[in-house]
Amino acid sequence: MRKNLKARIALLLGILMLLPMLYACGGKTASDEAGESKKLKVALVLPGKKDDVSFNQAMYEGVSAYAAAHTDTVDLKIVENVYEVADIEPALSDFADQGYDVIFGHGFQFMEPLVNVADKFPESYFLLGTGYMFRKNSAIYDVALESGGYLMGVIAALASETGKIGVIGGADASEMVRGHAGYRMGAESVNPNIEIQEIYTGDWNDTAAAYEAAVGMYDSGVDVIWHSGDGIGLGVVQAAVDKDKYVLGNVQDQKSLGEKNVLSGIQYHWEAVIDQIFKDIASGAFLNLEDDARIYWITIANGGMEYTPINDTKGKLTQDELKTIEEAYQKLKNDEITWPAWN
Amino acid sequence: MKLDLQKTGNKAAGAVAMVAAALLVGAVLVMISGNNPLEAYSTLLSGAFSSKQRVSELFVKLVPVMIMGLGISVAYRAQLWNIGAEGQFIIGSIAATAVGLYVKLPPVLLAPLTLLAAIAAAGGWALLAGFLKVRFHANEVITTLMLNYIADYFLDFLVYGPMMDPAGQLPQSAMVPEGIQIKAIFSGLRVHYGLAIMVVVFILTVLLWRSTLGYRINLIGQGERVSTYAGVNVKRTILLTMFISGAVAGVAGWIETFGLQYRIMENMAGSYGNIATVVALLGALHPCGIAVASFFFSILLVGGASMQRMTNVPYSIVDVIQGLIIIFVIAGIVGQGRKTVKRAGRIGKDA
């Protein structure tokens, strides 16, 4: 009896384990057909959801736009929610192993796994969304936030009635510091005496802390806040809705989060550099980039950022002021602002 | 004895049925999402086996899942519902990494010392819950769960604070010295010699159930009064069982840290703790059952990730399928375990 039963179980489990092998053989045809054409196989690995009204969505739309415009040469695969450390490296290396040519890891936390995998797969090209480490076959894309910040500063200063505006950031990483400096410059270009409050929550995703910071600012008389953040942005927008004050968004059009309170914001267009990245890959220049050219920056000047349509529900901006905003935007577009030396 | 075996057989058949049911419901969901379930599942399977890299990843996942599943099973046999494998895994990793980074010794001595540190710390962490149970009758489900949170936040505190890698800005510690890292078996693939340690843990577990200690642990699971009549020191055995269970999870943490990440980092335990719990139950607490269940879940983890990457099946479906299996397994356990629960209730009253 004992042996009988064990044997039966073993048989059953054996069949279970065999099944995958059978399927594995059948599965090969799938990868064969992928190699049918000489399309560039591109993979985008996102740490969050592609509709997060922020960091992930902006990149999703950017890469999708590029792929849609190059359907005959580019084959795009997108994977979402890869954020556990245990998942990042296998995801990247599986794509490389499956013959993907260009692999985007969209986020700072991808940095170390991405350069590791780049070492293992010299035939593939790797792109890292913000960070500072790279290899011969990898580069970084990032945002030069000062130009966007400048524009937000102009809008905030013009829309403010109290003469007090605010800016809230996540961690004080260098691009954020530059964005905030730009914000200050832009605001002071409109009103040299403006009071600017600045807070870093110290964390990218601490929505609650950002909410508290924003409420505190609004209560002290600030009537427009720009957030330079990611997850924290949701907290700031929520505070603006609750306090019925203006807020300026970042990364992705956030009007849907506060129809009456999101005055405007920065919309990233990663496709501005994505285009250049693919050109460099096609021409072979990518592998020979100088170290300081290994970061592809989006700016207002290269079309990587624009401001979302002014949504002045409280009627605080005059026609002249709207014109001033557009002029500042054009100035930034023509790269006519001199930036201080960033360290 | 015969009856017992019959039960094991039923459990195995039940486990297969539960998995099949979960896959069936999952298939319906895949269909609703506008995809072909056959294609999805065949991608899932080929996604786990169709390249060297994928098979390597399969074993990379298998190591922590199976070791932790085995560790959990030790406690469950004694009806000690330790759901703190995650916390024990984390504490073991922290202790091993701290020793590896801050103790200066030649690798030959340092490597075993880090393993001992992981075993002692993780075992001690589980022992806390054991002590609370023995001394204050605190329910170990609650205490081990709470200890998970403490471990998790303690890890966050360390990697954002005192143990943060001075060379970077990421929430992770510095790398442990190369001399004490567990080597990869093949160059270019991540699968490492932790696999051998997994086999050792498996053999030790099999041996445990043939030893008197294993018998005592099983006996405690039969009820406190029975054990006392049989001359077993119940309290001491509970403490020892919890220690062993935690220590095994600590070994998994040690392997994951020294064989894969080479450092501790935020969220390093991922969902291994929960999966290991399901694996232990799905495997009916038998080492062989756990081995098979772990292998199955590794396929699901690796293949599921590939399915998500290679087909248009949305990410959430993968999660839903895994969740369904968990629900069916738990439902099955509750159904089969009614009697056991009643008995456990009686023990509670006696104590």
# chains A, B, ... in the order shown; residues from 1 in each chain; ligands from 1
>>> residues_around(residues="Leu147 (chain B)", least_positions_apart="2", cutoff="8 Å", atoms="only C-alpha atoms", output="PyMOL selection string")
chain B and resi 84+87+125+143-145+149-151
>>> interface_residues(of="chain B", to="chain A", cutoff="6 Å", atoms="only C-alpha atoms", output="compact mmCIF listing (two decimals) with C-alpha atoms, in the first residue's frame")
# COMPACT_ATOMS: atom_id res chain seq x y z
CA SER B 42 2.78 27.98 -22.72
CA LEU B 45 6.32 27.43 -19.14
CA SER B 46 8.73 28.20 -21.93
CA PHE B 49 12.81 26.66 -19.30
CA SER B 50 13.63 27.85 -22.78
CA ARG B 309 7.58 40.42 -20.59
>>> residues_around(residues="region 231-244 of chain B", least_positions_apart="6", cutoff="10 Å", atoms="only C-alpha atoms", output="NGL selection string")
:B and (71-72 or 74-82 or 119-135 or 140 or 213-214 or 216-217 or 219-221 or 223-225 or 250)
>>> residues_around(residues="region 314-319 of chain A", least_positions_apart="3", cutoff="10 Å", atoms="only C-alpha atoms", output="list of chain:residue names")
A:Ile155, A:Leu158, A:Ala159, A:Ser160, A:Glu161, A:Asp244, A:Lys245, A:Tyr246, A:Lys260, A:Asn261, A:Leu263, A:Ile310, A:Asn311, A:Leu322, A:Lys323, A:Thr324, A:Ile325
>>> write_last_selection(atoms="C-alpha atoms", output="compact mmCIF listing (two decimals), in the first residue's frame")
# COMPACT_ATOMS: atom_id res chain seq x y z
CA ILE A 155 4.01 81.24 -13.71
CA LEU A 158 2.62 85.91 -11.83
CA ALA A 159 -0.31 83.96 -10.40
CA SER A 160 0.52 84.71 -6.77
CA GLU A 161 -1.45 87.46 -5.04
CA ASP A 244 -8.39 75.19 -2.81
CA LYS A 245 -5.10 76.80 -3.86
CA TYR A 246 -3.04 76.59 -7.03
CA LYS A 260 -9.76 73.30 -10.41
CA ASN A 261 -6.39 73.57 -8.74
CA LEU A 263 -2.80 75.69 -12.75
CA ILE A 310 -2.76 77.23 -18.31
CA ASN A 311 -5.87 76.26 -16.39
CA LEU A 322 -0.15 85.02 -20.10
CA LYS A 323 1.93 86.72 -22.75
CA THR A 324 4.83 87.07 -20.29
CA ILE A 325 4.66 83.33 -19.65
>>> residues_around(residues="Ala21 (chain B)", least_positions_apart="4", cutoff="9 Å", atoms="only C-alpha atoms", output="ChimeraX atom specification")
/B:16-17,25-26,324-325,328
>>> residues_around(residues="Glu259 (chain A)", least_positions_apart="3", cutoff="10 Å", atoms="only C-alpha atoms", output="list in words")
Val241, Gln254, Lys255, Ser256, Val262, Leu263, Asn311 and Thr313 of chain A
>>> write_last_selection(atoms="N, CA and C atoms", output="PDB file, in the first residue's frame")
ATOM      1  N   VAL A 241      -5.901  70.788  -3.579  1.00  0.00           N
ATOM      2  CA  VAL A 241      -7.341  70.570  -3.734  1.00  0.00           C
ATOM      3  C   VAL A 241      -8.051  70.842  -2.410  1.00  0.00           C
ATOM      4  N   GLN A 254      -0.951  66.818 -14.806  1.00  0.00           N
ATOM      5  CA  GLN A 254      -1.661  66.293 -13.643  1.00  0.00           C
ATOM      6  C   GLN A 254      -3.011  66.956 -13.426  1.00  0.00           C
ATOM      7  N   LYS A 255      -3.516  67.581 -14.471  1.00  0.00           N
ATOM      8  CA  LYS A 255      -4.783  68.284 -14.334  1.00  0.00           C
ATOM      9  C   LYS A 255      -5.888  67.342 -13.848  1.00  0.00           C
ATOM     10  N   SER A 256      -5.827  66.097 -14.283  1.00  0.00           N
ATOM     11  CA  SER A 256      -6.877  65.150 -13.919  1.00  0.00           C
ATOM     12  C   SER A 256      -6.916  64.916 -12.414  1.00  0.00           C
ATOM     13  N   VAL A 262      -4.990  72.531 -10.437  1.00  0.00           N
ATOM     14  CA  VAL A 262      -3.719  72.381 -11.138  1.00  0.00           C
ATOM     15  C   VAL A 262      -3.646  73.475 -12.203  1.00  0.00           C
ATOM     16  N   LEU A 263      -2.858  74.513 -11.894  1.00  0.00           N
ATOM     17  CA  LEU A 263      -2.796  75.692 -12.752  1.00  0.00           C
ATOM     18  C   LEU A 263      -2.087  75.371 -14.068  1.00  0.00           C
ATOM     19  N   ASN A 311      -4.522  76.630 -16.798  1.00  0.00           N
ATOM     20  CA  ASN A 311      -5.873  76.262 -16.393  1.00  0.00           C
ATOM     21  C   ASN A 311      -6.284  77.201 -15.257  1.00  0.00           C
ATOM     22  N   THR A 313      -8.516  78.702 -13.359  1.00  0.00           N
ATOM     23  CA  THR A 313      -9.934  78.674 -12.970  1.00  0.00           C
ATOM     24  C   THR A 313     -10.302  79.827 -12.042  1.00  0.00           C
TER      25      THR A 313
END
>>> select_by_dssp(residues="region 53-282 of chain A", states="strand (DSSP E)", output="number ranges by chain")
A: 74-79, 102-105, 125-129, 138-143, 164-169, 195-200, 224-227, 246-249, 262-268
>>> residues_around(residues="region 125-128 of chain A", least_positions_apart="5", cutoff="9 Å", atoms="only C-alpha atoms", output="ChimeraX atom specification")
/A:96,100-108,110-111,114-115,117-118,133-142,277,281,286-287
>>> closest_residue(among="B:Ala305, B:Leu208, B:Leu101, B:Ala252", to="Glu178 (chain B)", atoms="only C-alpha atoms")
B:Leu101
>>> closest_residue(among="A:Asp203, A:Glu195, A:Asp292, A:Asp242", to="Asp172 (chain A)", atoms="only C-alpha atoms")
A:Asp203
>>> select_by_dssp(residues="region 6-206 of chain A", states="helix (DSSP H, G or I)", output="CSV table (one decimal) with N, CA and C atoms, in the first residue's frame")
chain,number,residue,atom,x,y,z
A,6,LYS,N,2.9,5.9,-2.8
A,6,LYS,CA,4.1,6.8,-3.1
A,6,LYS,C,4.4,6.8,-4.6
A,7,ALA,N,4.3,5.6,-5.2
A,7,ALA,CA,4.6,5.5,-6.6
A,7,ALA,C,3.6,6.4,-7.4
A,8,ARG,N,2.4,6.3,-7.0
A,8,ARG,CA,1.3,7.0,-7.7
A,8,ARG,C,1.6,8.5,-7.6
A,9,ILE,N,1.9,9.0,-6.4
A,9,ILE,CA,2.2,10.4,-6.2
A,9,ILE,C,3.4,10.8,-7.1
A,10,ALA,N,4.4,10.0,-7.0
A,10,ALA,CA,5.6,10.3,-7.8
A,10,ALA,C,5.3,10.4,-9.2
A,11,LEU,N,4.5,9.5,-9.7
A,11,LEU,CA,4.2,9.5,-11.1
A,11,LEU,C,3.5,10.8,-11.5
A,12,LEU,N,2.5,11.1,-10.6
A,12,LEU,CA,1.7,12.3,-10.9
A,12,LEU,C,2.6,13.6,-10.9
A,13,LEU,N,3.5,13.7,-9.9
A,13,LEU,CA,4.4,14.8,-9.9
A,13,LEU,C,5.4,14.8,-11.0
A,14,GLY,N,5.8,13.6,-11.4
A,14,GLY,CA,6.7,13.5,-12.5
A,14,GLY,C,6.1,14.0,-13.7
A,15,ILE,N,4.8,13.7,-14.0
A,15,ILE,CA,4.1,14.2,-15.2
A,15,ILE,C,4.0,15.7,-15.1
A,16,LEU,N,3.7,16.2,-13.9
A,16,LEU,CA,3.6,17.6,-13.7
A,16,LEU,C,4.9,18.3,-14.1
A,17,MET,N,6.1,17.7,-13.7
A,17,MET,CA,7.3,18.3,-14.0
A,17,MET,C,7.7,18.2,-15.4
A,18,LEU,N,7.2,17.1,-16.1
A,18,LEU,CA,7.5,16.9,-17.5
A,18,LEU,C,6.8,17.8,-18.4
A,19,LEU,N,5.6,18.1,-18.0
A,19,LEU,CA,4.8,19.0,-18.9
A,19,LEU,C,5.5,20.3,-19.3
A,20,PRO,N,6.2,21.0,-18.4
A,20,PRO,CA,6.9,22.2,-18.8
A,20,PRO,C,7.9,21.9,-19.8
A,21,MET,N,8.6,20.8,-19.7
A,21,MET,CA,9.7,20.5,-20.7
A,21,MET,C,9.1,20.4,-22.1
A,22,LEU,N,7.9,19.7,-22.1
A,22,LEU,CA,7.2,19.5,-23.4
A,22,LEU,C,6.9,20.9,-24.0
A,23,TYR,N,6.3,21.7,-23.2
A,23,TYR,CA,6.0,23.0,-23.6
A,23,TYR,C,7.2,23.8,-24.1
A,24,ALA,N,8.3,23.6,-23.3
A,24,ALA,CA,9.5,24.3,-23.6
A,24,ALA,C,10.0,24.1,-25.1
A,25,CYS,N,9.8,22.8,-25.5
A,25,CYS,CA,10.2,22.5,-26.9
A,25,CYS,C,9.3,23.3,-27.9
A,26,GLY,N,8.0,23.3,-27.5
A,26,GLY,CA,7.1,24.0,-28.4
A,26,GLY,C,7.3,25.5,-28.4
A,27,GLY,N,7.8,25.9,-27.3
A,27,GLY,CA,8.0,27.4,-27.1
A,27,GLY,C,9.0,28.0,-28.0
A,28,LYS,N,9.9,27.1,-28.5
A,28,LYS,CA,11.1,27.7,-29.2
A,28,LYS,C,10.6,28.4,-30.5
A,29,THR,N,9.6,27.9,-31.1
A,29,THR,CA,9.1,28.5,-32.3
A,29,THR,C,8.8,30.0,-32.1
A,30,ALA,N,8.3,30.3,-30.9
A,30,ALA,CA,7.9,31.7,-30.6
A,30,ALA,C,9.1,32.6,-30.8
A,31,SER,N,10.3,32.2,-30.2
A,31,SER,CA,11.4,33.1,-30.3
A,31,SER,C,12.0,33.1,-31.7
A,32,ASP,N,11.8,32.0,-32.4
A,32,ASP,CA,12.3,31.9,-33.8
A,32,ASP,C,11.6,33.0,-34.7
A,33,GLU,N,10.3,33.1,-34.5
A,33,GLU,CA,9.6,34.0,-35.4
A,33,GLU,C,10.0,35.5,-35.1
A,34,ALA,N,10.4,35.7,-33.8
A,34,ALA,CA,10.8,37.0,-33.4
A,34,ALA,C,12.0,37.5,-34.3
A,55,PHE,N,6.2,59.8,-13.5
A,55,PHE,CA,7.5,59.3,-14.0
A,55,PHE,C,7.3,58.2,-15.0
A,56,ASN,N,6.5,57.2,-14.7
A,56,ASN,CA,6.4,56.0,-15.6
A,56,ASN,C,5.6,56.4,-16.8
A,57,GLN,N,4.5,57.1,-16.6
A,57,GLN,CA,3.7,57.4,-17.8
A,57,GLN,C,4.4,58.3,-18.8
A,58,ALA,N,5.2,59.2,-18.3
A,58,ALA,CA,5.9,60.1,-19.2
A,58,ALA,C,6.8,59.3,-20.1
A,59,MET,N,7.5,58.4,-19.5
A,59,MET,CA,8.5,57.6,-20.3
A,59,MET,C,7.7,56.6,-21.2
A,60,TYR,N,6.6,56.0,-20.7
A,60,TYR,CA,5.8,55.1,-21.5
A,60,TYR,C,5.3,55.8,-22.7
A,61,GLU,N,4.8,57.0,-22.6
A,61,GLU,CA,4.3,57.8,-23.7
A,61,GLU,C,5.5,58.2,-24.7
A,62,GLY,N,6.6,58.5,-24.1
A,62,GLY,CA,7.7,58.9,-24.9
A,62,GLY,C,8.2,57.8,-25.8
A,63,VAL,N,8.5,56.6,-25.2
A,63,VAL,CA,9.0,55.5,-26.0
A,63,VAL,C,7.9,55.0,-26.9
A,64,SER,N,6.6,54.9,-26.5
A,64,SER,CA,5.6,54.5,-27.3
A,64,SER,C,5.4,55.4,-28.6
A,65,ALA,N,5.6,56.7,-28.4
A,65,ALA,CA,5.5,57.6,-29.5
A,65,ALA,C,6.6,57.3,-30.5
A,66,TYR,N,7.8,57.1,-30.0
A,66,TYR,CA,8.9,56.8,-30.9
A,66,TYR,C,8.6,55.5,-31.7
A,67,ALA,N,8.1,54.5,-30.9
A,67,ALA,CA,7.9,53.2,-31.6
A,67,ALA,C,6.8,53.3,-32.6
A,68,ALA,N,5.7,54.1,-32.3
A,68,ALA,CA,4.6,54.3,-33.2
A,68,ALA,C,5.1,55.0,-34.5
A,69,ALA,N,6.0,55.9,-34.3
A,69,ALA,CA,6.5,56.6,-35.5
A,69,ALA,C,7.5,55.8,-36.3
A,85,VAL,N,14.1,44.3,-5.9
A,85,VAL,CA,15.5,44.1,-6.2
A,85,VAL,C,15.7,42.7,-6.9
A,86,ALA,N,14.9,41.7,-6.3
A,86,ALA,CA,15.1,40.4,-6.8
A,86,ALA,C,14.7,40.3,-8.3
A,87,ASP,N,13.9,41.2,-8.8
A,87,ASP,CA,13.3,41.1,-10.1
A,87,ASP,C,14.1,41.9,-11.2
A,88,ILE,N,14.8,42.9,-10.7
A,88,ILE,CA,15.3,43.9,-11.7
A,88,ILE,C,16.4,43.2,-12.6
A,89,GLU,N,17.4,42.6,-12.0
A,89,GLU,CA,18.5,42.1,-12.8
A,89,GLU,C,18.0,41.0,-13.7
A,90,PRO,N,17.2,40.0,-13.2
A,90,PRO,CA,16.7,39.0,-14.1
A,90,PRO,C,15.9,39.6,-15.3
A,91,ALA,N,15.1,40.6,-15.0
A,91,ALA,CA,14.3,41.2,-16.1
A,91,ALA,C,15.2,41.8,-17.2
A,92,LEU,N,16.2,42.5,-16.7
A,92,LEU,CA,17.1,43.1,-17.7
A,92,LEU,C,17.9,42.1,-18.5
A,93,SER,N,18.4,41.1,-17.8
A,93,SER,CA,19.3,40.2,-18.5
A,93,SER,C,18.5,39.2,-19.3
A,94,ASP,N,17.2,38.9,-18.9
A,94,ASP,CA,16.4,38.1,-19.8
A,94,ASP,C,16.2,38.7,-21.1
A,95,PHE,N,15.9,40.0,-21.1
A,95,PHE,CA,15.7,40.7,-22.4
A,95,PHE,C,16.9,40.7,-23.2
A,96,ALA,N,18.1,40.9,-22.6
A,96,ALA,CA,19.3,40.9,-23.3
A,96,ALA,C,19.6,39.5,-23.9
A,97,ASP,N,19.3,38.5,-23.1
A,97,ASP,CA,19.5,37.1,-23.4
A,97,ASP,C,18.6,36.7,-24.6
A,108,PHE,N,16.5,55.3,-11.1
A,108,PHE,CA,17.7,55.3,-10.4
A,108,PHE,C,18.1,53.9,-9.8
A,109,GLN,N,17.1,53.2,-9.3
A,109,GLN,CA,17.4,51.9,-8.7
A,109,GLN,C,17.8,50.9,-9.7
A,110,PHE,N,17.7,51.1,-11.0
A,110,PHE,CA,18.2,50.2,-12.0
A,110,PHE,C,19.7,50.3,-12.2
A,111,MET,N,20.3,51.3,-11.6
A,111,MET,CA,21.7,51.6,-12.0
A,111,MET,C,22.6,50.4,-11.9
A,112,GLU,N,22.7,49.8,-10.7
A,112,GLU,CA,23.8,48.8,-10.5
A,112,GLU,C,23.4,47.5,-11.3
A,113,PRO,N,22.2,47.0,-11.2
A,113,PRO,CA,21.9,45.9,-12.0
A,113,PRO,C,22.1,46.1,-13.5
A,114,LEU,N,21.8,47.3,-14.0
A,114,LEU,CA,21.9,47.7,-15.4
A,114,LEU,C,23.4,47.6,-15.9
A,115,VAL,N,24.3,48.2,-15.1
A,115,VAL,CA,25.7,48.2,-15.5
A,115,VAL,C,26.2,46.7,-15.4
A,116,ASN,N,25.8,46.0,-14.4
A,116,ASN,CA,26.2,44.6,-14.4
A,116,ASN,C,25.8,43.8,-15.6
A,117,VAL,N,24.5,44.0,-16.0
A,117,VAL,CA,24.0,43.3,-17.2
A,117,VAL,C,24.7,43.8,-18.4
A,118,ALA,N,24.9,45.1,-18.5
A,118,ALA,CA,25.6,45.7,-19.6
A,118,ALA,C,27.0,45.1,-19.8
A,119,ASP,N,27.7,44.7,-18.7
A,119,ASP,CA,29.0,44.1,-18.8
A,119,ASP,C,28.8,42.7,-19.4
A,120,LYS,N,27.7,42.0,-19.0
A,120,LYS,CA,27.5,40.6,-19.5
A,120,LYS,C,27.1,40.5,-21.0
A,145,LEU,N,16.4,70.0,-15.2
A,145,LEU,CA,15.1,70.6,-14.7
A,145,LEU,C,15.1,72.1,-14.5
A,146,GLU,N,16.3,72.7,-14.6
A,146,GLU,CA,16.4,74.2,-14.4
A,146,GLU,C,15.5,75.0,-15.4
A,147,SER,N,15.4,74.5,-16.6
A,147,SER,CA,14.6,75.3,-17.6
A,147,SER,C,13.1,75.2,-17.3
A,148,GLY,N,12.7,73.9,-16.9
A,148,GLY,CA,11.3,73.8,-16.5
A,148,GLY,C,11.0,74.5,-15.3
A,149,GLY,N,11.9,74.4,-14.3
A,149,GLY,CA,11.7,75.1,-13.0
A,149,GLY,C,11.6,76.6,-13.2
A,150,TYR,N,12.4,77.1,-14.1
A,150,TYR,CA,12.4,78.6,-14.4
A,150,TYR,C,11.0,79.0,-14.9
A,151,LEU,N,10.5,78.2,-15.8
A,151,LEU,CA,9.1,78.5,-16.3
A,151,LEU,C,8.1,78.5,-15.2
A,152,MET,N,8.2,77.5,-14.4
A,152,MET,CA,7.2,77.3,-13.3
A,152,MET,C,7.3,78.5,-12.3
A,153,GLY,N,8.6,79.0,-12.1
A,153,GLY,CA,8.8,80.1,-11.3
A,153,GLY,C,8.1,81.3,-11.8
A,154,VAL,N,8.2,81.5,-13.1
A,154,VAL,CA,7.5,82.7,-13.8
A,154,VAL,C,6.0,82.6,-13.6
A,155,ILE,N,5.5,81.4,-13.8
A,155,ILE,CA,4.0,81.2,-13.7
A,155,ILE,C,3.6,81.5,-12.3
A,156,ALA,N,4.3,80.9,-11.3
A,156,ALA,CA,3.9,81.0,-9.9
A,156,ALA,C,4.0,82.4,-9.5
A,157,ALA,N,5.0,83.1,-9.8
A,157,ALA,CA,5.2,84.5,-9.4
A,157,ALA,C,4.0,85.4,-10.0
A,158,LEU,N,3.7,85.1,-11.2
A,158,LEU,CA,2.6,85.9,-11.8
A,158,LEU,C,1.2,85.6,-11.2
A,159,ALA,N,1.0,84.3,-10.9
A,159,ALA,CA,-0.3,84.0,-10.4
A,159,ALA,C,-0.5,84.3,-8.9
A,174,SER,N,20.9,66.2,-7.3
A,174,SER,CA,21.4,67.4,-8.0
A,174,SER,C,20.4,68.0,-9.0
A,175,GLU,N,19.7,67.1,-9.8
A,175,GLU,CA,18.8,67.7,-10.8
A,175,GLU,C,17.6,68.5,-10.1
A,176,MET,N,17.2,68.0,-8.9
A,176,MET,CA,16.2,68.7,-8.2
A,176,MET,C,16.7,70.1,-7.7
A,177,VAL,N,17.9,70.1,-7.2
A,177,VAL,CA,18.5,71.3,-6.7
A,177,VAL,C,18.5,72.3,-7.8
A,178,ARG,N,18.9,71.9,-9.0
A,178,ARG,CA,19.0,72.7,-10.2
A,178,ARG,C,17.6,73.2,-10.6
A,179,GLY,N,16.6,72.3,-10.5
A,179,GLY,CA,15.2,72.7,-10.8
A,179,GLY,C,14.7,73.8,-9.9
A,180,HIS,N,15.1,73.6,-8.6
A,180,HIS,CA,14.6,74.6,-7.6
A,180,HIS,C,15.3,76.0,-7.8
A,181,ALA,N,16.6,75.9,-8.2
A,181,ALA,CA,17.3,77.1,-8.4
A,181,ALA,C,16.7,77.8,-9.6
A,182,GLY,N,16.4,77.1,-10.7
A,182,GLY,CA,15.7,77.6,-11.8
A,182,GLY,C,14.4,78.3,-11.5
A,183,TYR,N,13.7,77.6,-10.6
A,183,TYR,CA,12.4,78.1,-10.1
A,183,TYR,C,12.5,79.5,-9.5
A,184,ARG,N,13.6,79.6,-8.6
A,184,ARG,CA,13.9,80.9,-7.9
A,184,ARG,C,14.2,82.0,-9.0
A,185,MET,N,15.1,81.6,-9.9
A,185,MET,CA,15.5,82.6,-11.0
A,185,MET,C,14.3,83.1,-11.7
A,186,GLY,N,13.4,82.1,-12.1
A,186,GLY,CA,12.2,82.5,-12.9
A,186,GLY,C,11.3,83.4,-12.1
A,187,ALA,N,11.1,83.0,-10.9
A,187,ALA,CA,10.2,83.8,-10.0
A,187,ALA,C,10.7,85.2,-9.8
A,188,GLU,N,12.0,85.3,-9.6
A,188,GLU,CA,12.6,86.6,-9.3
A,188,GLU,C,12.7,87.5,-10.5
A,189,SER,N,12.7,86.8,-11.7
A,189,SER,CA,12.7,87.6,-12.9
A,189,SER,C,11.4,88.4,-13.1
A,190,VAL,N,10.4,87.9,-12.5
A,190,VAL,CA,9.1,88.6,-12.5
A,190,VAL,C,8.9,89.5,-11.4
